[in-house]
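Pasted below: coords.cif, mmCIF, C-alpha atoms.
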```cif
data_my_file
#
loop_
_atom_site.label_atom_id
_atom_site.label_comp_id
_atom_site.auth_asym_id
_atom_site.auth_seq_id
_atom_site.Cartn_x
_atom_site.Cartn_y
_atom_site.Cartn_z
CA MET F 270 16.44 -31.01 19.96
CA GLN F 271 17.64 -34.30 18.54
CA GLY F 272 15.49 -36.13 21.07
CA ASP F 273 12.42 -34.67 19.34
CA GLN F 274 13.28 -36.40 16.05
CA GLN F 275 10.13 -38.53 15.98
CA TYR F 276 8.94 -37.58 12.50
CA PRO F 277 10.31 -38.61 9.09
CA ALA F 278 12.26 -36.24 6.81
CA CYS F 279 9.46 -34.03 5.47
CA LEU F 280 10.74 -30.44 5.60
CA SER F 281 11.71 -28.37 2.57
CA VAL F 282 13.57 -25.13 3.36
CA VAL F 283 13.62 -22.43 0.67
CA VAL F 284 16.53 -20.01 1.02
CA PRO F 285 16.36 -16.91 -1.23
CA VAL F 286 19.79 -15.29 -1.47
CA TYR F 287 21.19 -12.11 -2.95
CA ASN F 288 24.79 -11.21 -2.12
CA GLU F 289 24.88 -13.21 1.12
CA GLU F 290 28.36 -14.68 0.74
CA THR F 291 29.34 -13.87 4.33
CA THR F 292 26.45 -15.72 6.00
CA LEU F 293 25.24 -18.42 3.60
CA ARG F 294 27.63 -21.14 4.77
CA MET F 295 26.65 -20.63 8.41
CA VAL F 296 22.93 -20.65 7.56
CA VAL F 297 23.20 -23.90 5.63
CA GLY F 298 25.28 -25.46 8.41
CA LYS F 299 22.56 -24.68 10.93
CA LEU F 300 19.80 -25.87 8.61
CA LEU F 301 21.48 -29.25 8.18
CA ASP F 302 20.96 -29.84 11.91
CA VAL F 303 17.21 -29.10 11.85
CA PRO F 304 15.09 -32.19 12.67
CA CYS F 305 12.89 -33.57 9.86
CA LEU F 306 15.00 -31.87 7.16
CA LEU F 307 14.39 -33.26 3.69
CA GLU F 308 15.95 -30.64 1.43
CA ILE F 309 17.41 -27.15 1.30
CA ILE F 310 16.67 -25.24 -1.89
CA ILE F 311 18.91 -22.20 -2.39
CA VAL F 312 17.63 -19.70 -4.96
CA ASP F 313 20.39 -17.29 -5.96
CA ASP F 314 18.72 -14.14 -7.28
CA CYS F 315 21.62 -13.24 -9.57
CA SER F 316 24.12 -12.33 -6.84
CA SER F 317 27.12 -10.26 -7.89
CA ASP F 318 29.49 -11.41 -5.13
CA GLY F 319 30.74 -14.94 -4.40
CA THR F 320 27.34 -16.28 -3.32
CA SER F 321 26.75 -18.30 -6.48
CA GLU F 322 30.05 -20.21 -6.25
CA LEU F 323 29.61 -20.80 -2.54
CA ALA F 324 26.10 -22.15 -3.10
CA ARG F 325 27.45 -24.62 -5.68
CA GLN F 326 30.12 -25.75 -3.25
CA LEU F 327 27.51 -26.37 -0.56
CA SER F 328 25.37 -28.32 -3.01
CA ASP F 329 28.34 -30.49 -4.00
CA ALA F 330 29.18 -31.15 -0.34
CA HIS F 331 25.66 -31.95 0.93
CA GLN F 332 23.12 -34.12 -0.85
CA GLN F 333 20.19 -32.30 0.82
CA VAL F 334 21.21 -28.97 -0.78
CA ARG F 335 19.95 -27.95 -4.23
CA VAL F 336 20.78 -24.70 -6.01
CA VAL F 337 19.08 -22.72 -8.77
CA ARG F 338 20.23 -19.34 -10.06
CA HIS F 339 18.22 -16.54 -11.66
CA THR F 340 19.86 -14.99 -14.71
CA ARG F 341 18.70 -11.53 -13.60
CA ASN F 342 17.83 -10.02 -10.24
CA SER F 343 14.06 -10.35 -9.80
CA GLY F 344 13.47 -9.78 -6.06
CA LYS F 345 12.71 -11.94 -3.06
CA THR F 346 9.20 -12.95 -4.04
CA ALA F 347 10.36 -14.20 -7.45
CA ALA F 348 13.10 -16.22 -5.74
CA LEU F 349 10.53 -17.76 -3.38
CA LYS F 350 8.21 -18.68 -6.27
CA THR F 351 11.10 -20.47 -7.96
CA GLY F 352 11.98 -22.29 -4.74
CA PHE F 353 8.43 -23.30 -3.83
CA ALA F 354 7.93 -24.91 -7.24
CA LEU F 355 10.96 -27.12 -6.64
CA THR F 356 9.98 -28.32 -3.16
CA THR F 357 8.82 -31.87 -2.50
CA GLY F 358 8.39 -31.83 1.29
CA GLN F 359 5.11 -32.15 3.16
CA ILE F 360 6.09 -28.96 5.02
CA VAL F 361 7.75 -25.89 3.49
CA ILE F 362 9.39 -23.01 5.34
CA VAL F 363 11.28 -19.89 4.27
CA GLN F 364 14.73 -19.17 5.68
CA ASP F 365 16.41 -15.85 4.89
CA ALA F 366 20.16 -16.17 4.36
CA ASP F 367 21.19 -13.17 6.47
CA LEU F 368 20.85 -14.89 9.89
CA GLU F 369 18.25 -12.41 11.17
CA TYR F 370 16.25 -15.56 11.92
CA ASP F 371 17.85 -18.46 13.78
CA PRO F 372 17.36 -21.93 12.20
CA THR F 373 17.33 -23.48 15.68
CA ASP F 374 13.80 -22.00 15.98
CA ILE F 375 12.50 -23.89 12.94
CA TYR F 376 11.47 -27.08 14.71
CA GLY F 377 9.33 -25.06 17.10
CA VAL F 378 7.74 -23.24 14.15
CA ILE F 379 6.80 -26.38 12.22
CA ARG F 380 5.78 -28.46 15.24
CA PRO F 381 2.07 -27.46 15.16
CA ILE F 382 1.96 -28.73 11.55
CA LEU F 383 3.83 -31.93 12.43
CA GLU F 384 1.36 -32.60 15.23
CA GLY F 385 -1.59 -32.04 12.91
CA HIS F 386 -2.95 -28.91 14.59
CA ALA F 387 -2.09 -26.31 11.93
CA ASP F 388 -1.89 -25.87 8.18
CA ALA F 389 0.28 -22.75 8.44
CA VAL F 390 2.50 -21.39 11.22
CA PHE F 391 4.06 -17.96 11.51
CA GLY F 392 6.99 -17.19 13.80
CA SER F 393 6.25 -14.01 15.73
CA ARG F 394 8.89 -11.55 16.89
CA PHE F 395 6.38 -9.92 19.24
CA LEU F 396 5.14 -12.81 21.35
CA VAL F 397 7.16 -13.87 24.42
CA ARG F 398 10.68 -13.34 23.15
CA ARG F 399 13.81 -15.41 23.52
CA ALA F 400 16.13 -12.77 22.10
CA THR F 401 15.39 -9.74 19.92
CA ARG F 402 17.84 -7.12 18.78
CA VAL F 403 16.70 -3.57 19.51
CA LEU F 404 16.58 -1.65 16.22
CA TYR F 405 14.39 0.80 14.33
CA PHE F 406 11.29 2.26 16.01
CA TYR F 407 9.74 3.33 12.69
CA HIS F 408 10.05 -0.20 11.33
CA TYR F 409 8.24 -1.42 14.44
CA VAL F 410 5.43 1.12 13.99
CA ALA F 411 5.07 0.30 10.29
CA ASN F 412 4.93 -3.42 11.02
CA LYS F 413 2.32 -2.90 13.72
CA PHE F 414 0.19 -0.78 11.40
CA LEU F 415 0.39 -3.31 8.55
CA THR F 416 -0.44 -6.11 10.97
CA PHE F 417 -3.43 -4.15 12.31
CA LEU F 418 -4.76 -3.45 8.81
CA SER F 419 -4.21 -7.05 7.72
CA ASN F 420 -6.01 -8.34 10.81
CA ALA F 421 -8.92 -5.97 10.24
CA LEU F 422 -9.39 -7.38 6.74
CA THR F 423 -8.68 -11.07 7.46
CA ASN F 424 -10.32 -11.20 10.91
CA LEU F 425 -7.20 -12.91 12.26
CA ASN F 426 -5.42 -11.84 15.46
CA MET F 427 -1.84 -12.13 14.25
CA THR F 428 0.94 -10.19 15.96
CA ASP F 429 3.57 -10.12 13.17
CA VAL F 430 2.33 -10.21 9.58
CA GLU F 431 5.78 -9.26 8.21
CA THR F 432 7.65 -12.12 9.87
CA GLY F 433 10.23 -13.93 7.77
CA TYR F 434 9.42 -17.32 9.31
CA LYS F 435 6.36 -18.68 7.56
CA ALA F 436 5.75 -22.44 7.36
CA PHE F 437 3.03 -24.20 5.37
CA ARG F 438 1.84 -27.60 4.37
CA GLY F 439 3.54 -28.11 1.03
CA GLU F 440 0.26 -28.59 -0.84
CA ILE F 441 -0.90 -25.13 0.20
CA ILE F 442 2.14 -23.08 -0.82
CA ARG F 443 2.78 -25.03 -4.03
CA ASN F 444 -0.81 -24.37 -5.14
CA MET F 445 -0.81 -20.69 -4.22
CA THR F 446 -0.84 -18.23 -7.10
CA ILE F 447 1.77 -15.66 -6.09
CA VAL F 448 1.70 -12.49 -8.18
CA SER F 449 3.43 -9.80 -6.09
CA SER F 450 7.07 -8.79 -6.46
CA GLY F 451 9.91 -7.53 -4.29
CA PHE F 452 9.01 -8.04 -0.63
CA GLY F 453 5.28 -8.33 -1.34
CA PHE F 454 5.15 -12.02 -0.51
CA GLU F 455 4.81 -11.45 3.24
CA VAL F 456 1.40 -9.75 3.09
CA GLU F 457 0.14 -11.58 0.00
CA VAL F 458 0.54 -14.99 1.57
CA VAL F 459 -1.26 -14.00 4.78
CA ALA F 460 -4.25 -12.67 2.84
CA LYS F 461 -4.50 -15.81 0.73
CA ILE F 462 -3.99 -18.25 3.60
CA ALA F 463 -6.76 -16.46 5.50
CA LYS F 464 -9.18 -17.11 2.61
CA LEU F 465 -8.75 -20.86 3.13
CA LYS F 466 -10.18 -20.69 6.68
CA VAL F 467 -7.59 -23.27 7.81
CA PRO F 468 -6.00 -23.40 11.29
CA ILE F 469 -3.13 -20.91 11.58
CA TYR F 470 -0.75 -20.76 14.53
CA GLU F 471 1.86 -18.29 15.74
CA VAL F 472 4.88 -19.24 17.84
CA PRO F 473 7.54 -17.00 19.44
CA ILE F 474 10.93 -16.79 17.73
CA SER F 475 14.22 -14.98 18.21
CA TYR F 476 15.17 -12.10 15.93
CA TYR F 477 18.70 -10.87 15.25
CA GLY F 478 17.97 -7.91 12.98
CA ARG F 479 20.53 -6.17 10.81
CA THR F 480 21.16 -2.47 10.35
CA TYR F 481 21.35 -0.92 6.90
CA ASP F 482 25.13 -0.73 7.26
CA GLU F 483 25.10 -4.49 7.84
CA GLY F 484 23.12 -5.14 4.66
CA LYS F 485 19.43 -4.74 5.49
CA LYS F 486 17.53 -4.27 2.21
CA VAL F 487 13.97 -3.20 3.17
CA VAL F 488 13.27 0.50 2.55
CA MET F 489 10.33 2.88 3.11
CA THR F 490 8.86 2.32 -0.35
CA ASP F 491 8.56 -1.41 0.44
CA GLY F 492 6.26 -0.50 3.34
CA LEU F 493 4.07 1.70 1.13
CA ILE F 494 3.80 -1.08 -1.44
CA ALA F 495 2.93 -3.56 1.30
CA LEU F 496 0.13 -1.24 2.46
CA TRP F 497 -1.47 -1.31 -0.99
CA LEU F 498 -0.97 -5.08 -1.29
CA VAL F 499 -2.76 -5.73 2.02
CA ILE F 500 -5.79 -3.95 0.59
CA ARG F 501 -5.47 -5.50 -2.86
CA PHE F 502 -5.17 -9.13 -1.84
CA ASN F 503 -7.82 -8.96 0.85
CA LEU F 504 -10.49 -6.95 -0.99
CA PHE F 505 -9.80 -7.49 -4.69
CA CYS F 506 -8.62 -11.10 -4.92
CA SER F 507 -10.93 -14.11 -4.64
CA LEU F 508 -10.18 -17.53 -3.21
CA ARG F 509 -10.39 -19.04 -6.69
CA ASN F 510 -7.80 -16.59 -8.00
CA SER F 511 -5.54 -17.21 -5.01
CA PHE F 512 -4.84 -20.89 -5.71
CA LYS F 513 -4.34 -23.05 -8.78
CA GLN F 514 -6.25 -25.77 -6.96
CA VAL F 515 -7.85 -24.94 -3.63
CA PRO F 516 -6.27 -27.21 -0.97
CA GLN F 517 -8.26 -28.69 1.89
CA SER F 518 -7.23 -28.57 5.52
CA GLN F 519 -5.68 -31.75 6.90
CA SER F 520 -5.35 -30.53 10.47
CA ARG F 521 -7.21 -31.98 13.40
CA PRO F 522 -8.42 -30.15 16.50
CA ALA F 523 -5.92 -29.83 19.32
CA PRO F 524 -6.81 -32.13 22.23
CA VAL F 525 -8.84 -30.56 25.01
CA VAL F 526 -7.07 -31.02 28.32
CA THR F 527 -9.46 -31.14 31.28
CA PRO F 528 -8.40 -31.24 34.93
CA ASN F 529 -8.86 -34.56 36.69
CA ALA F 530 -10.80 -34.94 39.94
CA GLN F 531 -7.68 -34.71 42.08
CA GLU F 532 -6.70 -31.40 40.51
CA LEU F 533 -10.22 -30.02 40.94
CA SER F 534 -10.13 -30.85 44.64
CA LYS F 535 -6.99 -28.78 45.24
#
```

As structure tokens:
Amino acid sequence: MQGDQQYPACLSVVVPVYNEETTLRMVVGKLLDVPCLLEIIIVDDCSSDGTSELARQLSDAHQQVRVVRHTRNSGKTAALKTGFALTTGQIVIVQDADLEYDPTDIYGVIRPILEGHADAVFGSRFLVRRATRVLYFYHYVANKFLTFLSNALTNLNMTDVETGYKAFRGEIIRNMTIVSSGFGFEVEVVAKIAKLKVPIYEVPISYYGRTYDEGKKVVMTDGLIALWLVIRFNLFCSLRNSFKQVPQSQSRPAPVVTPNAQELSK
């Protein structure tokens, strides 16, 4: 992966954390090896374990790491809003602190943006897989239904609307008006990105899911809320209300590769 380091440091990684003391150090260690890394912004959503102290230690040890702490627990979306506002990179990606998503996949996720082909890229757990832990069937069905409904309203052909790996040009996510709470960010951002009519890519990623005994936090009510938010942000939210200032696409069409005469003769 180091051989692909042909771009300058331009990547901001936002890491929302809540009681992730056991995995945070490993996540940050892996993130520090990601090509193009500019900064890691850890947003501690008022953890009650040792996460806050560990985050401060990591910030003291690594100049790329910044830490901010919420004084009360406000949910993942609130943590992301705080983190996005602090980013300075040309590309911004979300990294959960629980290691369900592997930071070694990040370069592959952001590459379409680096190459100028995309303004947003989503890592899909349902494209050709590298490694995916087998877990809950009902979560799979709920995700597929939410993805189907989202696609029907956005006219996109995404495979994984609830993915945790979402990367954007910094201008887009910093200008987005995010109003949901809890885990609502995942569907809100897809609806609002779709309104921009900018190039969106999906790439395959690995997924090392956790069980509830291992600390997974999503519950059934989160899925019901997400269902309403898909409808709300697609049908009852305008482009003007979705962004403070509507960003323009800076992508360029992917090159068209045509076979040469020798290949055609085969």

For CA of Thr373 (chain F) and CA of Val303 (chain F), the interatomic separation in Å (one decimal): 6.8 Å

Top pick for closest residue to Ala387 (chain F), considering F:Asn503, F:Asn342, F:Gln333, F:Gln519 and counting only C-alpha atoms: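 Ranking F:Asn503, F:Asn342, F:Gln333, F:Gln519 by distance to Ala387 (chain F), first place goes to F:Gln519.
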
Expand the PyMOL selection byres ((chain F and resi 363-368) around 8) into the explicit residue set it covers here, and present it as a compact mmCIF listing (two decimals) with C-alpha atoms, keeping the file's coordinate frame.
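Saved file expr_19.txt follows:
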```
# COMPACT_ATOMS: atom_id res chain seq x y z
CA VAL F 282 13.57 -25.13 3.36
CA VAL F 283 13.62 -22.43 0.67
CA VAL F 284 16.53 -20.01 1.02
CA PRO F 285 16.36 -16.91 -1.23
CA VAL F 286 19.79 -15.29 -1.47
CA GLU F 289 24.88 -13.21 1.12
CA THR F 292 26.45 -15.72 6.00
CA LEU F 293 25.24 -18.42 3.60
CA VAL F 296 22.93 -20.65 7.56
CA LEU F 349 10.53 -17.76 -3.38
CA VAL F 361 7.75 -25.89 3.49
CA ILE F 362 9.39 -23.01 5.34
CA GLU F 369 18.25 -12.41 11.17
CA TYR F 370 16.25 -15.56 11.92
CA ASP F 371 17.85 -18.46 13.78
CA PRO F 372 17.36 -21.93 12.20
CA GLY F 433 10.23 -13.93 7.77
CA TYR F 434 9.42 -17.32 9.31
CA LYS F 435 6.36 -18.68 7.56
CA ALA F 436 5.75 -22.44 7.36
CA TYR F 477 18.70 -10.87 15.25
```

Shell around region 490-495 of chain F at 7 Å using only C-alpha atoms, local window under 3 positions removed, as a list in words: Phe452, Gly453, Val456, Val487, Leu498 and Val499 of chain F

Restricting the output to C-alpha atoms, write the selected residues as a short mmCIF file (atom, residue, chain, number, x, y, z; two decimals), in the coordinates of the input.
```cif
data_model
loop_
_atom_site.label_atom_id
_atom_site.label_comp_id
_atom_site.auth_asym_id
_atom_site.auth_seq_id
_atom_site.Cartn_x
_atom_site.Cartn_y
_atom_site.Cartn_z
CA PHE F 452 9.01 -8.04 -0.63
CA GLY F 453 5.28 -8.33 -1.34
CA VAL F 456 1.40 -9.75 3.09
CA VAL F 487 13.97 -3.20 3.17
CA LEU F 498 -0.97 -5.08 -1.29
CA VAL F 499 -2.76 -5.73 2.02
#
```

Separation of CA of Gly319 (chain F) from CA of Lys299 (chain F), in Å and rounded to one decimal: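 Separation between CA of Gly319 (chain F) and CA of Lys299 (chain F): 19.9 Å.
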
Residues matched by the PyMOL selection byres ((chain F and resi 515) around 12), written as a ChimeraX atom specification: /F:440-446,461-462,464-467,507-514,516-518

Atomic distance CA of Leu383 (chain F) - CA of Gly358 (chain F), expressed in Å with one decimal: 12.0 Å

Selection dump of the PyMOL selection byres ((chain F and resi 378) around 8), as number ranges by chain: F: 374-377, 379-381, 390-392, 434, 436, 471-472

Residue with smallest distance to His386 (chain F) - pool F:Trp497, F:Tyr470, F:Tyr276, F:Tyr287, counting all atoms listed in the file: F:Tyr470

Who sits within 7 Å of region 411-424 of chain F, all atoms listed in the file, same chain under 6 positions skipped, as a list in words: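 Once the adjacent positions are removed, what remains is Val430, Glu431, Ala460, Ala463, Leu496, Val499 and Asn503 of chain F.
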
Which of F:Thr291, F:Gln332, F:Thr346, F:Ser520 sits closest to Asp314 (chain F) [using only C-alpha atoms]: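 The answer is F:Thr346, which sits nearest to Asp314 (chain F).
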
F:Val458, F:Leu504, F:Arg325, F:Cys279 ranked by distance to Ile382 (chain F), top pick (using only C-alpha atoms): F:Cys279

If the box runs along x, y and z of the file and leaves 8 Å on each side of region 324-332 of chain F, what are its centre and edge lengths in Å, one decimal, as AutoDock Vina command-line options?
```
--center_x 26.6 --center_y -28.1 --center_z -2.4 --size_x 23.0 --size_y 28.0 --size_z 22.6
```

Shell of 10 Å around Ser450 (chain F), all atoms listed in the file, local chain residues under 6 positions omitted, as a list in words: Ser343, Gly344, Lys345, Thr346, Ala347, Ala348, Lys350, Glu457 and Ile494 of chain F

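Closest approach to Glu384 (chain F) among F:Ser321, F:Ser475, F:Gln275, F:Ile500: F:Gln275, based on only C-alpha atoms.
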